[in-house]
file run-v3.tsv (TSV, C-alpha atoms)
chain	number	residue	atom	x	y	z
A	152	MET	CA	110.00	51.66	193.59
A	153	PRO	CA	107.23	53.90	192.23
A	154	SER	CA	105.67	56.47	194.52
A	155	THR	CA	103.01	55.47	197.01
A	156	THR	CA	99.28	55.92	196.54
A	157	GLU	CA	96.38	56.40	198.90
A	158	ASN	CA	94.40	53.33	197.86
A	159	PRO	CA	92.24	51.80	200.61
A	160	PRO	CA	93.48	48.63	202.28
A	161	ALA	CA	92.99	45.53	200.17
A	162	GLY	CA	90.64	42.98	201.59
A	163	LYS	CA	88.46	45.71	203.07
A	164	GLN	CA	86.50	46.90	200.04
A	165	ASP	CA	83.60	44.69	198.98
A	166	GLY	CA	83.00	44.47	195.27
A	167	GLU	CA	86.11	46.25	193.99
A	168	GLN	CA	86.76	43.28	191.69
A	169	GLU	CA	83.12	42.52	190.90
A	170	GLY	CA	82.85	41.42	187.29
A	171	LYS	CA	86.55	40.58	187.11
A	172	VAL	CA	87.72	37.07	186.27
A	173	ALA	CA	90.92	35.63	187.71
A	174	LEU	CA	92.87	32.44	187.21
A	175	VAL	CA	95.07	31.47	190.13
A	176	ALA	CA	97.19	28.64	188.82
A	177	GLY	CA	98.50	26.62	191.73
A	178	ALA	CA	95.88	27.58	194.32
A	179	THR	CA	95.68	24.42	196.41
A	180	ARG	CA	97.49	25.85	199.42
A	181	GLY	CA	99.97	28.50	200.54
A	182	ALA	CA	100.27	31.74	198.59
A	183	GLY	CA	97.95	30.57	195.83
A	184	ARG	CA	95.15	29.92	198.27
A	185	GLY	CA	95.71	33.24	200.05
A	186	ILE	CA	95.65	35.12	196.74
A	187	ALA	CA	92.52	33.35	195.53
A	188	VAL	CA	90.65	34.08	198.77
A	189	GLU	CA	91.56	37.77	198.78
A	190	LEU	CA	90.51	38.18	195.15
A	191	GLY	CA	87.25	36.51	196.15
A	192	ALA	CA	86.90	38.90	199.07
A	193	ALA	CA	87.11	41.71	196.55
A	194	GLY	CA	84.28	40.16	194.53
A	195	ALA	CA	86.10	38.40	191.69
A	196	THR	CA	85.22	35.15	190.00
A	197	VAL	CA	88.29	33.02	190.64
A	198	TYR	CA	89.25	29.83	188.83
A	199	VAL	CA	91.53	27.84	191.14
A	200	THR	CA	93.67	25.05	189.76
A	201	GLY	CA	96.00	22.36	191.00
A	202	ARG	CA	96.44	18.62	191.14
A	203	SER	CA	95.14	17.93	194.66
A	204	THR	CA	91.40	17.25	194.69
A	205	ARG	CA	88.96	15.60	197.06
A	206	LYS	CA	89.09	12.51	194.87
A	207	LYS	CA	92.82	12.34	194.27
A	208	ARG	CA	95.93	13.74	195.96
A	209	SER	CA	99.09	14.78	194.18
A	210	GLU	CA	102.48	13.34	195.17
A	211	TYR	CA	102.49	15.84	198.04
A	212	ASP	CA	99.91	13.59	199.69
A	213	ARG	CA	98.52	16.50	201.70
A	214	PRO	CA	94.92	17.19	202.73
A	215	GLU	CA	94.46	20.61	201.09
A	216	THR	CA	92.41	20.57	197.87
A	217	ILE	CA	91.39	22.99	195.15
A	218	GLU	CA	87.74	22.41	196.07
A	219	ASP	CA	88.52	23.64	199.59
A	220	THR	CA	90.12	26.76	198.12
A	221	ALA	CA	87.15	27.39	195.85
A	222	ASP	CA	84.80	27.13	198.83
A	223	LEU	CA	86.91	29.67	200.74
A	224	VAL	CA	86.77	32.05	197.77
A	225	THR	CA	82.98	31.81	197.70
A	226	GLU	CA	82.71	32.21	201.47
A	227	ALA	CA	84.85	35.36	201.21
A	228	GLY	CA	82.35	36.94	198.83
A	229	GLY	CA	83.52	35.93	195.37
A	230	ARG	CA	82.81	32.94	193.19
A	231	GLY	CA	85.30	30.11	193.42
A	232	ILE	CA	85.52	27.55	190.63
A	233	ALA	CA	87.84	24.57	191.07
A	234	VAL	CA	89.29	23.01	187.92
A	235	PRO	CA	91.71	20.08	188.34
A	236	THR	CA	94.67	20.90	186.10
A	237	ASP	CA	98.19	19.59	185.66
A	238	HIS	CA	99.98	22.64	184.30
A	239	LEU	CA	102.72	20.47	182.83
A	240	VAL	CA	100.17	19.07	180.35
A	241	PRO	CA	99.49	21.63	177.61
A	242	SER	CA	96.21	20.01	176.57
A	243	GLU	CA	94.84	20.36	180.12
A	244	VAL	CA	95.85	24.00	180.30
A	245	ARG	CA	94.34	24.67	176.87
A	246	ALA	CA	91.08	23.03	177.99
A	247	LEU	CA	91.10	25.15	181.16
A	248	VAL	CA	91.48	28.38	179.21
A	249	ASP	CA	88.84	27.31	176.69
A	250	ARG	CA	86.47	26.71	179.59
A	251	ILE	CA	87.13	30.16	181.06
A	252	ALA	CA	86.62	31.74	177.64
A	253	GLY	CA	83.38	29.84	177.12
A	254	GLU	CA	81.97	30.58	180.57
A	255	GLN	CA	83.23	34.13	181.10
A	256	GLY	CA	84.44	35.48	177.77
A	257	ARG	CA	87.34	37.21	179.48
A	258	LEU	CA	90.32	36.85	181.80
A	259	ASP	CA	91.45	39.90	183.77
A	260	ILE	CA	94.01	38.49	186.21
A	261	LEU	CA	96.45	35.61	185.77
A	262	VAL	CA	98.44	34.50	188.80
A	263	ASN	CA	101.17	31.97	188.04
A	264	ASP	CA	101.82	30.39	191.43
A	265	ILE	CA	102.55	26.84	190.33
A	266	TRP	CA	105.41	25.38	192.36
A	267	GLY	CA	105.27	21.86	193.79
A	268	GLY	CA	108.95	21.57	194.65
A	269	GLU	CA	109.19	21.40	198.45
A	270	ASN	CA	110.12	17.73	198.42
A	271	LEU	CA	112.49	17.93	195.46
A	272	PHE	CA	115.53	19.88	196.68
A	273	ASP	CA	118.16	19.46	199.36
A	274	TRP	CA	119.42	22.40	201.37
A	275	GLU	CA	123.02	23.39	200.72
A	276	LYS	CA	123.77	20.28	198.61
A	277	PRO	CA	125.84	21.13	195.48
A	278	VAL	CA	124.50	20.28	192.05
A	279	TRP	CA	126.83	17.29	191.55
A	280	GLU	CA	125.55	15.69	194.75
A	281	HIS	CA	121.91	16.63	194.27
A	282	ASP	CA	119.48	14.06	192.90
A	283	LEU	CA	119.36	14.99	189.22
A	284	ASP	CA	115.91	13.61	188.51
A	285	LYS	CA	114.44	15.57	191.42
A	286	GLY	CA	116.24	18.74	190.37
A	287	LEU	CA	115.00	18.54	186.80
A	288	ARG	CA	111.49	17.73	188.00
A	289	LEU	CA	111.62	20.84	190.20
A	290	LEU	CA	112.56	23.00	187.22
A	291	ARG	CA	109.73	21.55	185.14
A	292	LEU	CA	107.18	22.18	187.89
A	293	ALA	CA	108.42	25.67	188.78
A	294	VAL	CA	109.32	27.06	185.36
A	295	GLU	CA	107.85	25.04	182.51
A	296	THR	CA	104.36	25.17	184.04
A	297	HIS	CA	104.43	28.97	184.09
A	298	ALA	CA	105.46	29.12	180.44
A	299	ILE	CA	102.75	26.67	179.36
A	300	THR	CA	100.09	28.56	181.29
A	301	SER	CA	101.11	31.95	179.94
A	302	HIS	CA	101.23	30.59	176.38
A	303	HIS	CA	97.62	29.45	176.53
A	304	ALA	CA	96.08	32.06	178.84
A	305	LEU	CA	97.53	35.35	177.62
A	306	PRO	CA	95.55	35.61	174.35
A	307	LEU	CA	92.37	35.54	176.43
A	308	LEU	CA	93.76	38.04	178.94
A	309	LEU	CA	94.66	40.41	176.09
A	310	ARG	CA	91.11	40.52	174.73
A	311	ASN	CA	90.44	43.41	177.11
A	312	PRO	CA	92.83	46.22	178.13
A	313	GLY	CA	94.16	46.43	181.65
A	314	GLY	CA	94.99	42.77	182.29
A	315	LEU	CA	97.38	41.82	185.08
A	316	VAL	CA	99.84	38.92	185.25
A	317	VAL	CA	101.50	38.10	188.57
A	318	GLU	CA	104.46	35.72	188.61
A	319	VAL	CA	104.81	34.48	192.19
A	320	THR	CA	108.34	33.64	193.27
A	321	ASP	CA	110.54	33.59	196.37
A	322	GLY	CA	112.81	36.58	196.82
A	323	THR	CA	113.08	39.95	195.16
A	324	ALA	CA	115.32	40.46	192.15
A	325	GLU	CA	117.72	42.46	194.30
A	326	TYR	CA	117.88	39.87	197.09
A	327	ASN	CA	118.22	36.88	194.75
A	328	ARG	CA	120.91	38.62	192.72
A	329	ASP	CA	123.18	38.81	195.75
A	330	THR	CA	122.10	35.73	197.74
A	331	TYR	CA	122.56	32.01	197.13
A	332	ARG	CA	119.10	30.52	197.49
A	333	VAL	CA	119.33	27.10	199.16
A	334	SER	CA	120.51	24.97	196.20
A	335	PHE	CA	121.39	25.18	192.52
A	336	PHE	CA	117.96	24.03	191.39
A	337	TYR	CA	115.96	26.17	193.82
A	338	ASP	CA	118.06	29.23	193.03
A	339	LEU	CA	117.63	28.70	189.29
A	340	ALA	CA	113.87	28.14	189.56
A	341	LYS	CA	113.13	31.27	191.58
A	342	SER	CA	115.42	33.47	189.50
A	343	SER	CA	113.81	32.14	186.32
A	344	VAL	CA	110.36	33.22	187.49
A	345	LEU	CA	111.67	36.72	188.15
A	346	ARG	CA	113.04	36.85	184.63
A	347	MET	CA	109.78	35.53	183.16
A	348	ALA	CA	107.92	38.48	184.67
A	349	PHE	CA	110.48	40.85	183.18
A	350	ALA	CA	110.15	39.26	179.74
A	351	LEU	CA	106.35	39.24	179.91
A	352	SER	CA	106.35	42.93	180.82
A	353	HIS	CA	108.01	43.71	177.49
A	354	GLU	CA	105.53	41.59	175.57
A	355	LEU	CA	102.40	42.69	177.45
A	356	GLY	CA	103.10	46.34	178.18
A	357	PRO	CA	102.73	47.58	174.59
A	358	ARG	CA	99.53	45.55	174.36
A	359	GLY	CA	97.82	47.17	177.32
A	360	ALA	CA	98.56	44.66	180.09
A	361	THR	CA	100.93	44.55	183.05
A	362	ALA	CA	103.26	41.82	184.31
A	363	VAL	CA	105.03	41.81	187.67
A	364	ALA	CA	106.99	39.41	189.86
A	365	LEU	CA	105.75	39.16	193.43
A	366	THR	CA	107.23	37.47	196.46
A	367	PRO	CA	105.68	36.88	199.85
A	368	GLY	CA	107.92	37.08	202.88
A	369	TRP	CA	108.42	34.24	205.35
A	370	MET	CA	104.99	32.79	204.89
A	371	ARG	CA	103.04	30.78	207.43
A	372	SER	CA	101.81	28.27	204.89
A	373	GLU	CA	100.16	25.03	205.90
A	374	ILE	CA	103.41	23.17	205.28
A	375	MET	CA	105.52	25.66	207.23
A	376	LEU	CA	103.22	25.64	210.25
A	377	GLU	CA	103.18	21.87	210.26
A	378	HIS	CA	106.97	21.75	209.99
A	379	PHE	CA	107.29	23.93	213.08
A	380	GLY	CA	104.60	22.01	214.96
A	381	VAL	CA	102.26	24.99	215.40
A	382	GLY	CA	99.02	26.34	213.96
A	383	GLU	CA	98.00	29.81	212.90
A	384	GLU	CA	96.40	30.41	216.28
A	385	ASN	CA	99.61	29.67	218.22
A	386	TRP	CA	102.35	30.29	215.66
A	387	ARG	CA	104.30	32.46	218.11
A	388	ASP	CA	105.03	29.33	220.15
A	389	ALA	CA	107.67	28.54	217.51
A	390	LEU	CA	109.66	31.70	218.26
A	391	GLU	CA	111.58	30.10	221.10
A	392	ARG	CA	113.16	27.70	218.61
A	393	ILE	CA	113.09	29.94	215.52
A	394	PRO	CA	113.27	33.54	216.76
A	395	HIS	CA	113.35	35.14	213.31
A	396	PHE	CA	109.99	33.52	212.55
A	397	GLY	CA	108.55	36.60	214.24
A	398	ILE	CA	108.68	38.41	210.90
A	399	SER	CA	106.43	35.82	209.24
A	400	GLU	CA	103.13	36.57	207.53
A	401	THR	CA	99.94	34.76	206.57
A	402	PRO	CA	99.27	33.71	202.96
A	403	ARG	CA	96.47	36.26	202.93
A	404	PHE	CA	99.03	39.08	203.13
A	405	VAL	CA	100.39	38.37	199.66
A	406	GLY	CA	96.78	37.85	198.60
A	407	ARG	CA	96.01	41.40	199.65
A	408	ALA	CA	99.02	42.56	197.66
A	409	VAL	CA	97.56	41.01	194.50
A	410	ALA	CA	94.12	42.43	195.25
A	411	ALA	CA	95.65	45.89	195.67
A	412	LEU	CA	97.48	45.62	192.37
A	413	ALA	CA	94.35	44.42	190.60
A	414	ALA	CA	92.35	47.36	191.97
A	415	ASP	CA	94.92	50.00	191.02
A	416	PRO	CA	93.87	51.91	187.88
A	417	ASP	CA	97.51	52.90	187.46
A	418	VAL	CA	98.92	49.39	187.90
A	419	ALA	CA	100.92	49.76	184.68
A	420	ARG	CA	103.45	51.87	186.63
A	421	TRP	CA	104.67	48.59	188.16
A	422	ASN	CA	105.14	46.83	184.82
A	423	GLY	CA	108.28	44.68	184.90
A	424	GLU	CA	108.97	45.34	188.57
A	425	SER	CA	110.03	42.86	191.23
A	426	LEU	CA	107.67	43.44	194.15
A	427	SER	CA	107.14	42.07	197.66
A	428	SER	CA	104.08	41.80	199.88
A	429	GLY	CA	105.78	43.92	202.55
A	430	GLY	CA	106.85	46.57	200.09
A	431	LEU	CA	103.41	46.84	198.52
A	432	ALA	CA	101.81	47.09	201.96
A	433	GLN	CA	103.78	50.28	202.49
A	434	SER	CA	102.56	51.64	199.15
A	435	TYR	CA	98.90	50.62	199.29
A	436	GLY	CA	98.26	50.65	203.03
A	437	PHE	CA	96.88	47.14	203.47
A	438	THR	CA	97.74	44.97	206.46
A	439	ASP	CA	98.02	41.31	207.35
A	440	LEU	CA	95.14	39.68	209.22
A	441	ASP	CA	96.54	40.83	212.58
A	442	GLY	CA	96.78	44.47	211.48
A	443	SER	CA	100.57	44.45	211.06
A	444	ARG	CA	102.69	45.10	207.95
A	445	PRO	CA	105.62	42.66	208.08
A	446	ASP	CA	108.47	43.79	205.83
A	447	ALA	CA	110.28	40.48	205.62
A	448	TRP	CA	112.84	41.17	202.92
A	449	ARG	CA	114.14	44.32	204.55
A	450	TYR	CA	114.29	42.42	207.85
A	451	LEU	CA	116.21	39.52	206.28
A	452	VAL	CA	118.90	41.84	204.97
A	453	GLU	CA	119.17	44.17	207.94
A	454	VAL	CA	118.65	41.72	210.82
A	455	GLN	CA	118.72	37.99	210.05
A	456	ASP	CA	121.41	37.91	207.34
A	457	ALA	CA	123.40	40.53	209.24
A	458	GLY	CA	123.62	38.14	212.19
A	459	LYS	CA	121.73	40.36	214.60
A	460	PRO	CA	119.43	39.06	217.37
A	461	ALA	CA	115.83	38.57	216.31
A	462	ASP	CA	113.86	41.78	216.81
A	463	VAL	CA	110.96	42.72	214.57
A	464	THR	CA	110.59	46.20	216.05
A	465	GLY	CA	110.15	48.59	213.15
A	466	TYR	CA	109.67	45.77	210.64
A	467	ARG	CA	106.00	44.83	211.17
call {"tool": "encode", "arguments": {"input": "run-v3.tsv", "output": "structure tokens"}}
result
Amino acid sequence: MPSTTENPPAGKQDGEQEGKVALVAGATRGAGRGIAVELGAAGATVYVTGRSTRKKRSEYDRPETIEDTADLVTEAGGRGIAVPTDHLVPSEVRALVDRIAGEQGRLDILVNDIWGGENLFDWEKPVWEHDLDKGLRLLRLAVETHAITSHHALPLLLRNPGGLVVEVTDGTAEYNRDTYRVSFFYDLAKSSVLRMAFALSHELGPRGATAVALTPGWMRSEIMLEHFGVGEENWRDALERIPHFGISETPRFVGRAVAALAADPDVARWNGESLSSGGLAQSYGFTDLDGSRPDAWRYLVEVQDAGKPADVTGYR
């Protein structure tokens, strides 16, 4: 990993992204929402996209909407613009990018966080027993959407030097190389996103832009908190049943990682790298909302996967 810098903590500096335009594709909830809000806190204009709106829910049938995310971006100090978009439909993505070009004339940050697969895979079920239609749908949502979005958005991003593309995945390249990730389809999807960032780095680097893969740690998303029967205010109540959950982080933590990257004048040093929120926190000095710096992927290897008792001492 490149050497550390002395940049100020992300999320603390008003206006560091003023004048910048970001597209966070897949910003309805989870990491996408956290990233959009932190870019807004830094002063950016942020287009937030997804399929869940106040008028119509996606098949997730959850209450979070892109309008809610846009409002949070604006409340944080930026300008949030919600655009309903199905990133599997090229014409909708093309229309989205045309709108950004017409309204802003530029795109500085592209975050590909489209996912949508929580309900489409089965833990530890081999490929021949897995529902094929669900598995293929997962791959389309998690991989094809990223390719479609990059195809249409990158010409606009390349109009100005210094653009940043962040491919959001689950797991670092090192961890996913050595670890079976839940199921054939999930493993393939998350590894594919890592490889997309690598490929984009070769295509964008010579043209003055940077592409990275970025993973949050064990994230306290809306879905995860609901699954454990807790809220953000009392998430530690889940530790009695899930002790390793103590290493978890808010979605805003990975948002601060993206904001730090976007504010770094030397961001090109990361081009093609597989990064994590915890790792970048050590480099840039930002913290999660509670002031801690959870280093989830190091903890997973050294504590959880090693079969040791849960103990986050020295890891957050």
call {"tool": "residues_around", "arguments": {"input": "run-v3.tsv", "residues": "Leu426 (chain A)", "least_positions_apart": "5", "cutoff": "8 Å", "atoms": "only C-alpha atoms", "output": "list in words"}}
result
Thr323, Val363, Ala364, Leu365, Thr366 and Leu431 of chain A
call {"tool": "closest_residue", "arguments": {"input": "run-v3.tsv", "among": "A:Gln455, A:Thr401, A:Thr179, A:Asn270", "to": "Leu223 (chain A)", "atoms": "only C-alpha atoms"}}
result
A:Thr179
call {"tool": "residues_around", "arguments": {"input": "run-v3.tsv", "residues": "region 313-316 of chain A", "least_positions_apart": "5", "cutoff": "10 Å", "atoms": "all atoms listed in the file", "output": "NGL selection string"}}
result
:A and (171 or 173-174 or 257-263 or 301 or 305 or 307-308 or 348 or 351-352 or 355-356 or 358-364 or 409 or 412-413 or 416-419 or 422)
call {"tool": "residues_near_point", "arguments": {"input": "run-v3.tsv", "point": "(96.3, 38.0, 206.7)", "cutoff": "8 Å", "atoms": "all atoms listed in the file", "output": "compact mmCIF listing (two decimals) with C-alpha atoms, in the coordinates of the input"}}
result
# COMPACT_ATOMS: atom_id res chain seq x y z
CA GLU A 400 103.13 36.57 207.53
CA THR A 401 99.94 34.76 206.57
CA PRO A 402 99.27 33.71 202.96
CA ARG A 403 96.47 36.26 202.93
CA PHE A 404 99.03 39.08 203.13
CA ARG A 407 96.01 41.40 199.65
CA THR A 438 97.74 44.97 206.46
CA ASP A 439 98.02 41.31 207.35
CA LEU A 440 95.14 39.68 209.22
CA ASP A 441 96.54 40.83 212.58
call {"tool": "closest_residue", "arguments": {"input": "run-v3.tsv", "among": "A:Ser399, A:Thr296, A:Thr196, A:Ser425", "to": "Gln168 (chain A)", "atoms": "all atoms listed in the file"}}
result
A:Thr196
